[in-house]
file data.tsv (TSV, C-alpha atoms)
chain	number	residue	atom	x	y	z
N	1	MET	CA	76.02	257.25	134.69
N	2	ALA	CA	79.67	256.94	135.76
N	3	THR	CA	79.39	260.29	137.55
N	4	ARG	CA	76.27	259.10	139.36
N	5	ALA	CA	77.98	255.86	140.40
N	6	SER	CA	81.05	257.78	141.56
N	7	THR	CA	78.99	260.21	143.63
N	8	GLN	CA	76.95	257.49	145.33
N	9	ALA	CA	80.11	255.52	146.12
N	10	VAL	CA	81.71	258.58	147.71
N	11	GLU	CA	78.67	259.03	149.93
N	12	LEU	CA	78.95	255.39	151.00
N	13	ALA	CA	82.70	255.69	151.67
N	14	LEU	CA	82.16	258.75	153.86
N	15	ARG	CA	79.56	256.89	155.92
N	16	TYR	CA	81.97	254.02	156.52
N	17	GLN	CA	85.01	256.18	157.26
N	18	PRO	CA	84.72	257.00	161.00
N	19	GLY	CA	86.66	254.36	162.93
N	20	ILE	CA	87.13	252.05	159.95
N	21	ILE	CA	89.77	249.30	160.24
N	22	ALA	CA	91.85	247.90	157.38
N	23	GLU	CA	93.05	244.46	156.42
N	24	THR	CA	96.32	243.88	154.55
N	25	LYS	CA	96.25	242.35	151.07
N	26	SER	CA	98.90	240.04	149.65
N	27	ASP	CA	100.68	242.99	148.01
N	28	LYS	CA	100.92	244.69	151.46
N	29	SER	CA	98.38	247.37	150.56
N	30	PRO	CA	95.42	248.03	152.87
N	31	VAL	CA	91.80	247.25	152.05
N	32	THR	CA	88.63	248.01	153.98
N	33	VAL	CA	85.00	247.00	153.89
N	34	ALA	CA	84.39	250.41	152.30
N	35	ASP	CA	86.64	249.53	149.34
N	36	ARG	CA	84.69	246.34	148.72
N	37	GLU	CA	81.22	247.75	149.25
N	38	CYS	CA	81.91	250.84	147.13
N	39	GLU	CA	83.14	248.61	144.31
N	40	LYS	CA	79.99	246.49	144.50
N	41	LEU	CA	77.84	249.62	144.43
N	42	ILE	CA	79.60	251.10	141.39
N	43	ALA	CA	79.50	247.76	139.59
N	44	ARG	CA	75.79	247.32	140.29
N	45	ILE	CA	74.89	250.79	139.00
N	46	LEU	CA	76.93	250.35	135.83
N	47	SER	CA	75.70	246.79	135.21
N	48	ASP	CA	72.09	247.86	135.58
N	49	ALA	CA	72.61	250.72	133.11
N	50	PHE	CA	74.81	248.80	130.65
N	51	PRO	CA	74.09	245.07	131.07
N	52	GLY	CA	76.37	243.97	128.22
N	53	ASP	CA	79.45	245.80	129.44
N	54	GLY	CA	82.33	244.14	131.25
N	55	ILE	CA	83.66	245.30	134.62
N	56	LEU	CA	87.13	245.05	136.14
N	57	GLY	CA	87.53	246.18	139.74
N	58	GLU	CA	90.59	246.34	141.97
N	59	GLU	CA	88.81	244.46	144.75
N	60	GLY	CA	87.77	241.47	142.68
N	61	VAL	CA	84.70	242.30	140.62
N	62	ASN	CA	85.29	240.81	137.16
N	63	VAL	CA	82.52	240.59	134.57
N	64	GLU	CA	83.22	239.53	130.99
N	65	SER	CA	82.14	241.98	128.31
N	66	ARG	CA	79.55	241.09	125.67
N	67	SER	CA	79.54	244.57	124.13
N	68	GLY	CA	83.24	245.24	123.59
N	69	ARG	CA	83.16	247.81	126.40
N	70	ARG	CA	84.62	247.40	129.89
N	71	TRP	CA	84.38	249.59	132.98
N	72	ILE	CA	87.55	249.71	135.11
N	73	ILE	CA	87.06	250.66	138.75
N	74	ASP	CA	89.20	251.67	141.71
N	75	PRO	CA	86.58	252.21	144.42
N	76	ILE	CA	88.93	254.01	146.83
N	77	ASP	CA	92.23	255.08	145.34
N	78	GLY	CA	94.47	256.14	148.21
N	79	THR	CA	93.12	253.86	150.92
N	80	ARG	CA	96.02	254.85	153.17
N	81	ASP	CA	94.89	258.48	152.93
N	82	TYR	CA	91.29	257.42	153.48
N	83	LEU	CA	92.29	255.58	156.66
N	84	ARG	CA	94.30	258.52	158.02
N	85	GLY	CA	91.65	261.13	157.26
N	86	ASN	CA	93.79	262.83	154.60
N	87	PRO	CA	91.92	264.58	151.77
N	88	LEU	CA	93.76	262.91	148.86
N	89	TRP	CA	91.68	259.74	148.36
N	90	CYS	CA	89.25	259.41	145.49
N	91	ASN	CA	87.39	256.94	143.35
N	92	LEU	CA	88.30	256.19	139.75
N	93	ILE	CA	86.07	254.94	136.94
N	94	GLY	CA	87.23	254.48	133.35
N	95	LEU	CA	85.50	253.08	130.27
N	96	GLU	CA	87.70	251.00	127.96
N	97	VAL	CA	86.68	250.18	124.40
N	98	GLY	CA	89.14	247.92	122.65
N	99	ASP	CA	92.60	249.23	123.51
N	100	ASP	CA	91.44	252.77	124.25
N	101	VAL	CA	90.00	254.46	127.31
N	102	VAL	CA	87.19	256.64	126.01
N	103	ALA	CA	85.70	258.13	129.18
N	104	GLY	CA	86.66	258.60	132.81
N	105	VAL	CA	85.71	260.09	136.16
N	106	VAL	CA	87.98	261.01	139.07
N	107	ASN	CA	86.19	262.09	142.24
N	108	LEU	CA	88.23	263.74	145.02
N	109	PRO	CA	85.34	264.44	147.41
N	110	VAL	CA	87.15	266.01	150.34
N	111	LEU	CA	88.85	268.48	148.00
N	112	GLY	CA	85.53	269.12	146.27
N	113	ASN	CA	86.85	268.23	142.82
N	114	LEU	CA	85.09	265.99	140.31
N	115	TYR	CA	87.04	265.50	137.08
N	116	SER	CA	85.62	263.95	133.93
N	117	ALA	CA	86.42	263.50	130.27
N	118	SER	CA	85.30	261.63	127.17
N	119	ARG	CA	87.10	261.15	123.89
N	120	ARG	CA	87.04	264.25	121.67
N	121	ALA	CA	84.80	266.11	124.15
N	122	GLY	CA	87.38	267.74	126.42
N	123	ALA	CA	88.23	267.46	130.11
N	124	TYR	CA	86.45	269.13	133.00
N	125	ARG	CA	86.74	269.88	136.70
N	126	ASN	CA	83.34	270.49	138.28
N	127	ASN	CA	81.94	271.07	134.77
N	128	SER	CA	84.51	273.76	133.92
N	129	PRO	CA	87.02	273.02	131.12
N	130	ILE	CA	90.61	272.29	132.11
N	131	HIS	CA	93.83	272.24	130.12
N	132	VAL	CA	97.46	271.43	130.76
N	133	SER	CA	99.94	274.28	131.09
N	134	SER	CA	102.11	275.67	128.31
N	135	LYS	CA	105.34	275.01	130.23
N	136	SER	CA	108.28	273.75	128.18
N	137	SER	CA	111.22	274.54	130.46
N	138	VAL	CA	112.11	272.22	133.34
N	139	GLU	CA	113.39	275.19	135.31
N	140	GLU	CA	109.89	276.70	135.24
N	141	SER	CA	107.97	273.47	135.80
N	142	THR	CA	106.57	271.45	138.69
N	143	LEU	CA	107.33	267.73	138.78
N	144	CYS	CA	105.14	265.21	140.59
N	145	PHE	CA	106.69	261.85	141.41
N	146	ASN	CA	105.12	258.84	143.12
N	147	ALA	CA	106.52	255.73	144.80
N	148	PHE	CA	110.12	256.59	145.62
N	149	GLY	CA	110.31	253.13	147.18
N	150	LYS	CA	109.94	251.65	143.69
N	151	LEU	CA	112.55	253.82	142.00
N	152	ASN	CA	114.95	250.86	141.75
N	153	GLY	CA	112.70	249.25	139.18
N	154	THR	CA	112.88	252.20	136.77
N	155	PRO	CA	115.27	252.70	133.82
N	156	PHE	CA	116.33	256.07	135.21
N	157	LYS	CA	117.02	255.23	138.88
N	158	ASP	CA	120.67	256.37	138.76
N	159	ARG	CA	119.91	259.79	137.30
N	160	MET	CA	116.54	260.67	138.81
N	161	LEU	CA	117.73	262.83	141.71
N	162	ASP	CA	119.98	264.97	139.52
N	163	TRP	CA	117.15	265.36	137.01
N	164	MET	CA	114.66	266.32	139.73
N	165	ALA	CA	116.99	268.99	141.07
N	166	ARG	CA	116.54	271.00	137.88
N	167	PHE	CA	112.81	271.58	138.41
N	168	TRP	CA	111.19	274.73	139.75
N	169	SER	CA	109.43	272.57	142.36
N	170	VAL	CA	108.77	268.90	143.15
N	171	ARG	CA	105.58	267.53	144.69
N	172	GLY	CA	104.14	264.10	145.45
N	173	LEU	CA	100.53	263.91	146.62
N	174	GLY	CA	99.64	260.52	145.13
N	175	GLY	CA	98.82	259.27	141.65
N	176	ALA	CA	95.36	260.70	140.96
N	177	PRO	CA	95.82	264.09	142.69
N	178	ASP	CA	99.14	264.62	140.94
N	179	ALA	CA	97.73	263.59	137.55
N	180	MET	CA	94.79	265.95	137.96
N	181	MET	CA	97.15	268.78	138.86
N	182	VAL	CA	98.91	268.23	135.54
N	183	ALA	CA	95.59	268.06	133.69
N	184	SER	CA	94.51	271.32	135.33
N	185	GLY	CA	97.73	273.21	134.61
N	186	GLN	CA	98.77	273.29	138.28
N	187	ALA	CA	101.76	270.98	137.70
N	188	ASP	CA	103.55	270.02	134.51
N	189	ILE	CA	104.86	266.44	134.60
N	190	TRP	CA	103.86	263.36	136.59
N	191	ILE	CA	105.77	260.09	136.87
N	192	GLU	CA	104.24	256.89	138.22
N	193	PRO	CA	106.70	253.96	138.27
N	194	CYS	CA	104.35	251.18	139.36
N	195	ALA	CA	100.56	251.01	139.23
N	196	ALA	CA	97.70	248.98	137.76
N	197	ALA	CA	95.15	249.56	135.01
N	198	TRP	CA	92.50	250.71	137.50
N	199	ASP	CA	94.92	253.37	138.77
N	200	PHE	CA	95.48	254.74	135.26
N	201	ALA	CA	92.22	254.30	133.32
N	202	PRO	CA	90.39	257.59	133.95
N	203	LEU	CA	93.61	259.54	134.48
N	204	LYS	CA	94.77	258.80	130.94
N	205	ILE	CA	91.65	260.04	129.18
N	206	ILE	CA	91.39	263.16	131.36
N	207	LEU	CA	95.06	264.03	130.80
N	208	GLU	CA	94.83	263.48	127.06
N	209	GLU	CA	91.59	265.42	126.67
N	210	ALA	CA	93.18	268.24	128.66
N	211	GLY	CA	95.92	268.38	126.02
N	212	GLY	CA	98.55	266.33	127.84
N	213	VAL	CA	100.83	263.49	126.81
N	214	PHE	CA	100.53	260.02	128.41
N	215	MET	CA	103.30	257.51	127.71
N	216	ASN	CA	104.85	254.40	129.20
N	217	PHE	CA	108.52	253.90	129.98
N	218	ASP	CA	108.84	251.77	126.83
N	219	GLY	CA	107.36	254.49	124.65
N	220	GLY	CA	103.88	253.01	124.46
N	221	SER	CA	100.64	254.52	125.72
N	222	SER	CA	98.75	251.83	127.62
N	223	ILE	CA	97.02	251.71	130.98
N	224	HIS	CA	98.17	248.08	131.24
N	225	ALA	CA	101.94	248.71	131.10
N	226	GLY	CA	102.31	249.30	134.84
N	227	ASN	CA	103.91	252.76	134.62
N	228	CYS	CA	103.60	256.16	132.98
N	229	ILE	CA	104.93	259.62	132.43
N	230	ALA	CA	102.32	262.29	131.77
N	231	CYS	CA	103.27	265.84	130.87
N	232	THR	CA	102.59	268.95	128.88
N	233	PRO	CA	103.47	268.68	125.17
N	234	GLY	CA	106.33	271.10	125.79
N	235	LEU	CA	108.01	268.68	128.19
N	236	ARG	CA	107.63	265.51	126.12
N	237	ASP	CA	111.17	265.66	124.75
N	238	GLU	CA	112.53	266.15	128.27
N	239	ALA	CA	110.65	263.06	129.45
N	240	VAL	CA	111.99	261.02	126.53
N	241	ARG	CA	115.52	262.14	127.35
N	242	LEU	CA	115.05	260.96	130.93
N	243	LEU	CA	113.92	257.55	129.74
N	244	ASN	CA	116.71	257.24	127.17
N	245	GLY	CA	119.55	258.41	129.42
N	246	PHE	CA	119.71	262.05	128.37

call {"tool": "encode", "arguments": {"input": "data.tsv", "output": "structure tokens"}}
result
Amino acid sequence: MATRASTQAVELALRYQPGIIAETKSDKSPVTVADRECEKLIARILSDAFPGDGILGEEGVNVESRSGRRWIIDPIDGTRDYLRGNPLWCNLIGLEVGDDVVAGVVNLPVLGNLYSASRRAGAYRNNSPIHVSSKSSVEESTLCFNAFGKLNGTPFKDRMLDWMARFWSVRGLGGAPDAMMVASGQADIWIEPCAAAWDFAPLKIILEEAGGVFMNFDGGSSIHAGNCIACTPGLRDEAVRLLNGF
């Protein structure tokens, strides 16, 4: 059902896209009528299918759960890319049960990639299984980093550039595309210094089911902590060293 909701929301977003104009939210991020209408559409489909489930959406939809389950929605992740006609925007849907995300969908329509996962059932891109790489050496690995403008709020701000220089390559396409590259074995470590639960929910389950590691800067593993490092198992110790000051 999440895949169906994601696909219908993408179709709606594409219809709105030509000539669309954005407003600016209080956090300085853009929002469009497409963001709001896509969220309403996803919420309606999920509520009809699972009437006892809660819903948390970036654009304001908030329904209390009666079942212990909650759907977490980002209707257009990468609105700046959506506005500029770049292919890196997507929609994100995750299902949270208790403190765990147990299912998720990431739909990058312009790139033609639909990612999905559920707990203990593996991760997939367009119905084909995906897995993180076997990289364990920084010198052979690709690093993805988001939000350089928020580097000052990280525990590793004074050593990040020197650490980055050791990598085989460095990329930064945006949270979801970078995370899915790690999940697919196309990159090896992704760092996101500042984001919300709706940015992380489906990414976490897909990364973990693809064999990756998802952790917060404080060592936890929550979509509600506001940050994350995700990587191959072979680079976990390197990530911990970065957080702890080498």

call {"tool": "closest_atom_pairs", "arguments": {"input": "data.tsv", "of": "range 57-103 of chain N", "to": "range 168-181 of chain N", "cutoff": "8 Å", "atoms": "only C-alpha atoms", "output": "CSV"}}
result
residue,atom,partner,partner_atom,distance
N:Asp77,CA,N:Ala176,CA,7.8
N:Gly78,CA,N:Gly174,CA,7.4
N:Leu88,CA,N:Pro177,CA,6.6
N:Cys90,CA,N:Ala176,CA,7.7

call {"tool": "closest_residue", "arguments": {"input": "data.tsv", "among": "N:Leu46, N:Val182, N:Met160, N:Ala147", "to": "Arg241 in chain N", "atoms": "only C-alpha atoms"}}
result
N:Met160

call {"tool": "residues_around", "arguments": {"input": "data.tsv", "residues": "range 91-99 of chain N", "least_positions_apart": "3", "cutoff": "6 Å", "atoms": "only C-alpha atoms", "output": "PyMOL selection string"}}
result
chain N and resi 69-77+102-107+201-202

call {"tool": "atom_distance", "arguments": {"input": "data.tsv", "atom1": "CA of Ala197 in chain N", "atom2": "CA of Ser65 in chain N"}}
result
16.5 Å

call {"tool": "atom_distance", "arguments": {"input": "data.tsv", "atom1": "CA of Ala187 in chain N", "atom2": "CA of Val10 in chain N"}}
result
25.6 Å

call {"tool": "atom_distance", "arguments": {"input": "data.tsv", "atom1": "CA of Tyr16 in chain N", "atom2": "CA of Thr32 in chain N"}}
result
9.3 Å

call {"tool": "residues_around", "arguments": {"input": "data.tsv", "residues": "Leu83 in chain N", "least_positions_apart": "5", "cutoff": "10 Å", "atoms": "all atoms listed in the file", "output": "PyMOL selection string"}}
result
chain N and resi 17-22+30-32+78+89

call {"tool": "write_last_selection", "arguments": {"input": "data.tsv", "atoms": "C-alpha atoms", "output": "PDB file, keeping the file's coordinate frame"}}
result
ATOM      1  CA  GLN N  17      85.010 256.180 157.260  1.00  0.00           C
ATOM      2  CA  PRO N  18      84.720 257.000 161.000  1.00  0.00           C
ATOM      3  CA  GLY N  19      86.660 254.360 162.930  1.00  0.00           C
ATOM      4  CA  ILE N  20      87.130 252.050 159.950  1.00  0.00           C
ATOM      5  CA  ILE N  21      89.770 249.300 160.240  1.00  0.00           C
ATOM      6  CA  ALA N  22      91.850 247.900 157.380  1.00  0.00           C
ATOM      7  CA  PRO N  30      95.420 248.030 152.870  1.00  0.00           C
ATOM      8  CA  VAL N  31      91.800 247.250 152.050  1.00  0.00           C
ATOM      9  CA  THR N  32      88.630 248.010 153.980  1.00  0.00           C
ATOM     10  CA  GLY N  78      94.470 256.140 148.210  1.00  0.00           C
ATOM     11  CA  TRP N  89      91.680 259.740 148.360  1.00  0.00           C
TER      12      TRP N  89
END
